[in-house]
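The structure under discussion appears below in the form of C-alpha cells.
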Amino acid sequence: MKPLVRGTEVWSLTPDSRALMLTGGQYGDMTRFSEVSQSKRFTYDRGLPGKCWAKRRPLLLKTNSPEFERREAAQAAGITTAIAWPTFAGDYLLGVTVFLCGGDEESLGALEIWHCDSNESYDMRLVDGYFGQMKRFELVSKVTAFRKGTGLVGEAWQAGLPVMQTDLGRSHRFIRSEGAAEAGLTTGLAIPMTLGDNHDFVLSFLSARATPIARQFEVWLPGPTGTTLTFDSGYSEAGIDLTNRYRELKLSIHDGMLGRALLTGVPNVTNELRETPAQGLEYLSSATVLPVLEKGRAKALVAIYNG
C-alpha cells in the first residue's frame with residue numbers, strides 16, 4: 001500500500017515577497033510532480049499555496065479543482081488531495097507547508113482541519129479533511145464537536161501546544177475511539193494554531209498501522225532562553241523508546257533542521273537527515289518540521305519523519 005501522505009513541501013516568499021517559491025520538498029517516487037513544482041511560483045491568491053497566503057488560514061483542495069494549478073501532474077502521480085498549513089509571524093508569512101495525499105481506495109488514516117471562531121461558537125468543528133477510504137469515520141467526524149480540553153483536538157486547543165495520543169482505539173481520551181478501533185487508527189497528533197484573536201485552528205494527523213502517515217513523530221520544546229531544545233514526546237512505528245533515546249540530548253539553534261526552525265520560525269523539509277547525526281536517525285530518510293509560534297517565536301516544534 002502507498003502511504004497516506006505521498007509527499008510534503010514548503011513554500012516560502014521570494015526575495016521580493018511577490019510570490020511563493022519551493023524551498024523544500026519530499027516527493028518519494030513522484031519525479032515528474034517534483035520537476036513541475038521546482039519551476040512554479042505562486043503569486044498572492046493563486047494556486048493552493050497562494051490562496052492559503054491570501055486567506056490566512058489552512059486550506060484543502062482536491063487536485064481536480066481548477067484552482068489547483070499542478071492538477072495534471074498531480075493526477076498522474078495519484079495525488080487526489082492537498083492540504084496547506086500556513087505559518088505566520090503576526091501578519092508576515094513565513095511559509096506554507098503542503099501535504100500531498102492519495103491512494104484513496106486503499107489508504108487508512110486522516111488529516112483533519114478543525115476550527116473555532118470564538119465570536120460564533122465555543123466549540124471546535126471539522127472544516128475539512130482527507131480520510132482515504134474511511135467514509136464512516138469521516139461522517140462521525142463531521143458531526144463531532146470539541147470543547148477546550150476534550151479529546152485530542154480539544155487538548156491541543158486548550159494547551160496551545162502539540163498533543164500526541166497512542167492506542168486510539170482503546171483510549172478514553174480519544175472521543176472517537178470506537179471509530180478509530182474499527183478503522184485501525186493507532187496514533188494521533190494534533191497541532192494548534194491561532195490566527196488573530198478569534199480564529200483558532202487545529203491540524204490533526206490520525207495514523208493507521210497499515211498505511212502510517214509517518215514512521216516517527218516528535219515534539220520538541222524550547223528552553224528558557226529560546227536557544228535550546230529538549231524532547232517532549234514522540235512515537236516511533238519501529239517501537240523505539242524515544243524518551244530514553246533523547247533523555248540526555250539538548251539541541252541548539254545550530255543543530256540542523258530543528259535548530260533552523262527554532263531560530264527562524266520557518267517550516268522546513270529535509271531529505272538529508274545525516275546533517276543531525278546526534279539524533280541517530282539513520283533508519284529514516286526525510287523529515288518535515290512544523291513550528292508552533294506565539295508572538296512570532298517558536299514555542300514548540302513538531303518533527304514528522306518518513307523512511
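Every chain in the C-alpha cells takes a letter, A first, then B, and so on in the order presented; its residues are numbered from 1, and the ligands are numbered from 1 following the presented order.
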
Quiz item: So which residues touch region 122-135 of chain A within 6 Å, counting only C-alpha atoms, skipping near sequence neighbours fewer than 2 positions away, as a VMD selection string?
Solution: chain A and resid 104 to 105 107 to 116 118 137 to 138 142 145 to 147

Quiz item: How would you write, as a PyMOL selection string, the set of residues in region 54-93 of chain A that DSSP gives as strand (DSSP E or B)?
Solution: chain A and resi 59-62+79-89+92-93

Quiz prompt | Spatial neighbours of Thr186 (chain A), max dist 10 Å, only C-alpha atoms, sep filter under 2 positions, as a list of chain:residue names | solution =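 What passes the distance filter is A:Gly109, A:Gln165, A:Thr166, A:Asp167, A:Leu168, A:Gly169, A:Arg170, A:Ser171, A:Ser177, A:Ala180, A:Ala181, A:Ala183, A:Gly184, A:Gly188, A:Leu206, A:Ser207, A:Ala208, A:Arg209, A:Ala210, A:Pro212, A:Glu237.
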
Quiz item: Using only C-alpha atoms, which of A:Glu218, A:Glu272, A:Glu248, A:Asp255 sits nearest Ile191 (chain A)?
Solution: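 Between A:Glu218, A:Glu272, A:Glu248, A:Asp255, the residue approaching Ile191 (chain A) most closely is A:Glu218.
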
Exercise. With a distance cut-off of 8 Å and only C-alpha atoms, select the neighbouring residues of Leu13 (chain A), excluding the residue or stretch itself and same-chain residues fewer than 5 positions from it, and output the selection as an MDAnalysis selection string.
Key: chainID A and resid 18:21 93:95

Could you please take those selected residues and save N, CA and C atoms as a PDB file, in the first residue's frame?
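Here's the written file part.pdb:
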ATOM      1  N   ARG A  18       6.962  38.890  -3.579  1.00  0.00           N
ATOM      2  CA  ARG A  18       5.834  38.980  -4.507  1.00  0.00           C
ATOM      3  C   ARG A  18       5.222  37.622  -4.846  1.00  0.00           C
ATOM      4  N   ALA A  19       5.890  36.555  -4.474  1.00  0.00           N
ATOM      5  CA  ALA A  19       5.397  35.225  -4.813  1.00  0.00           C
ATOM      6  C   ALA A  19       5.975  34.207  -3.839  1.00  0.00           C
ATOM      7  N   LEU A  20       5.474  32.997  -3.948  1.00  0.00           N
ATOM      8  CA  LEU A  20       5.976  31.884  -3.145  1.00  0.00           C
ATOM      9  C   LEU A  20       6.748  30.932  -4.041  1.00  0.00           C
ATOM     10  N   MET A  21       7.899  30.480  -3.543  1.00  0.00           N
ATOM     11  CA  MET A  21       8.713  29.519  -4.273  1.00  0.00           C
ATOM     12  C   MET A  21       8.957  28.295  -3.398  1.00  0.00           C
ATOM     13  N   LEU A  93       4.005  36.215   6.448  1.00  0.00           N
ATOM     14  CA  LEU A  93       4.001  34.788   6.127  1.00  0.00           C
ATOM     15  C   LEU A  93       5.421  34.246   6.103  1.00  0.00           C
ATOM     16  N   LEU A  94       5.679  33.236   6.929  1.00  0.00           N
ATOM     17  CA  LEU A  94       6.989  32.597   6.952  1.00  0.00           C
ATOM     18  C   LEU A  94       7.053  31.388   6.034  1.00  0.00           C
ATOM     19  N   GLY A  95       5.930  30.751   5.792  1.00  0.00           N
ATOM     20  CA  GLY A  95       5.941  29.598   4.908  1.00  0.00           C
ATOM     21  C   GLY A  95       4.586  28.919   4.866  1.00  0.00           C
TER      22      GLY A  95
END

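Taking CA of Leu242 (chain A) and CA of Pro291 (chain A) as the two end points, the separation is 19.8 Å.
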
Exercise. Measuring atom to atom with only C-alpha atoms, identify which of A:Ile253, A:Leu221, A:Lys148, A:Thr243 is nearest to Ser121 (chain A).
Key: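 Selected residue with least distance to Ser121 (chain A): A:Lys148.
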
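Of note, CA of Arg297 (chain A) and CA of Thr97 (chain A) are spaced 17.6 Å apart.
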
Self-check item: Computed interatomic separation between CA of Arg173 (chain A) and CA of Tyr235 (chain A) (Å)
Solution: 16.9 Å

Quiz item: With distances taken over only C-alpha atoms, which of A:Asp232, A:Trp85, A:Ile304, A:Tyr44 is nearest to Leu59 (chain A)?
Solution: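 Going through A:Asp232, A:Trp85, A:Ile304, A:Tyr44 one by one, the smallest distance to Leu59 (chain A) is for A:Trp85.
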
Practice problem: Can you check which residues of region 124-154 of chain A DSSP gives as alpha helix (DSSP H) on the backbone and send them as a ChimeraX atom specification? | Solution: /A:135-142,151-154

Could you save those same residues with C-alpha atoms as a JSON list (two decimals), in the first residue's frame?
[["chain", "number", "residue", "atom", "x", "y", "z"],
["A", 135, "LYS", "CA", -16.04, 7.05, 4.93],
["A", 136, "ARG", "CA", -17.84, 6.08, 8.14],
["A", 137, "PHE", "CA", -15.17, 7.71, 10.31],
["A", 138, "GLU", "CA", -15.44, 10.83, 8.15],
["A", 139, "LEU", "CA", -19.22, 11.01, 8.75],
["A", 140, "VAL", "CA", -18.73, 10.66, 12.50],
["A", 141, "SER", "CA", -16.09, 13.40, 12.45],
["A", 142, "LYS", "CA", -18.40, 15.81, 10.62],
["A", 151, "GLY", "CA", -10.35, 14.79, 23.17],
["A", 152, "LEU", "CA", -7.17, 15.02, 21.13],
["A", 153, "VAL", "CA", -8.27, 18.17, 19.30],
["A", 154, "GLY", "CA", -9.59, 19.88, 22.44]]

Quiz item: Which residues come within 8 Å of Arg57 (chain A), counting only C-alpha atoms, excluding same-chain residues fewer than 4 positions away, as a PyMOL selection string?
Solution: chain A and resi 52-53+85-86+195

Exercise. Skip Met257 (chain A) itself and residues of its chain fewer than 4 positions away, then list as a PyMOL selection string all residues within 12 Å of it, counting only C-alpha atoms.
Key: chain A and resi 24+229+251-253+261-277+279+286-291+301-305
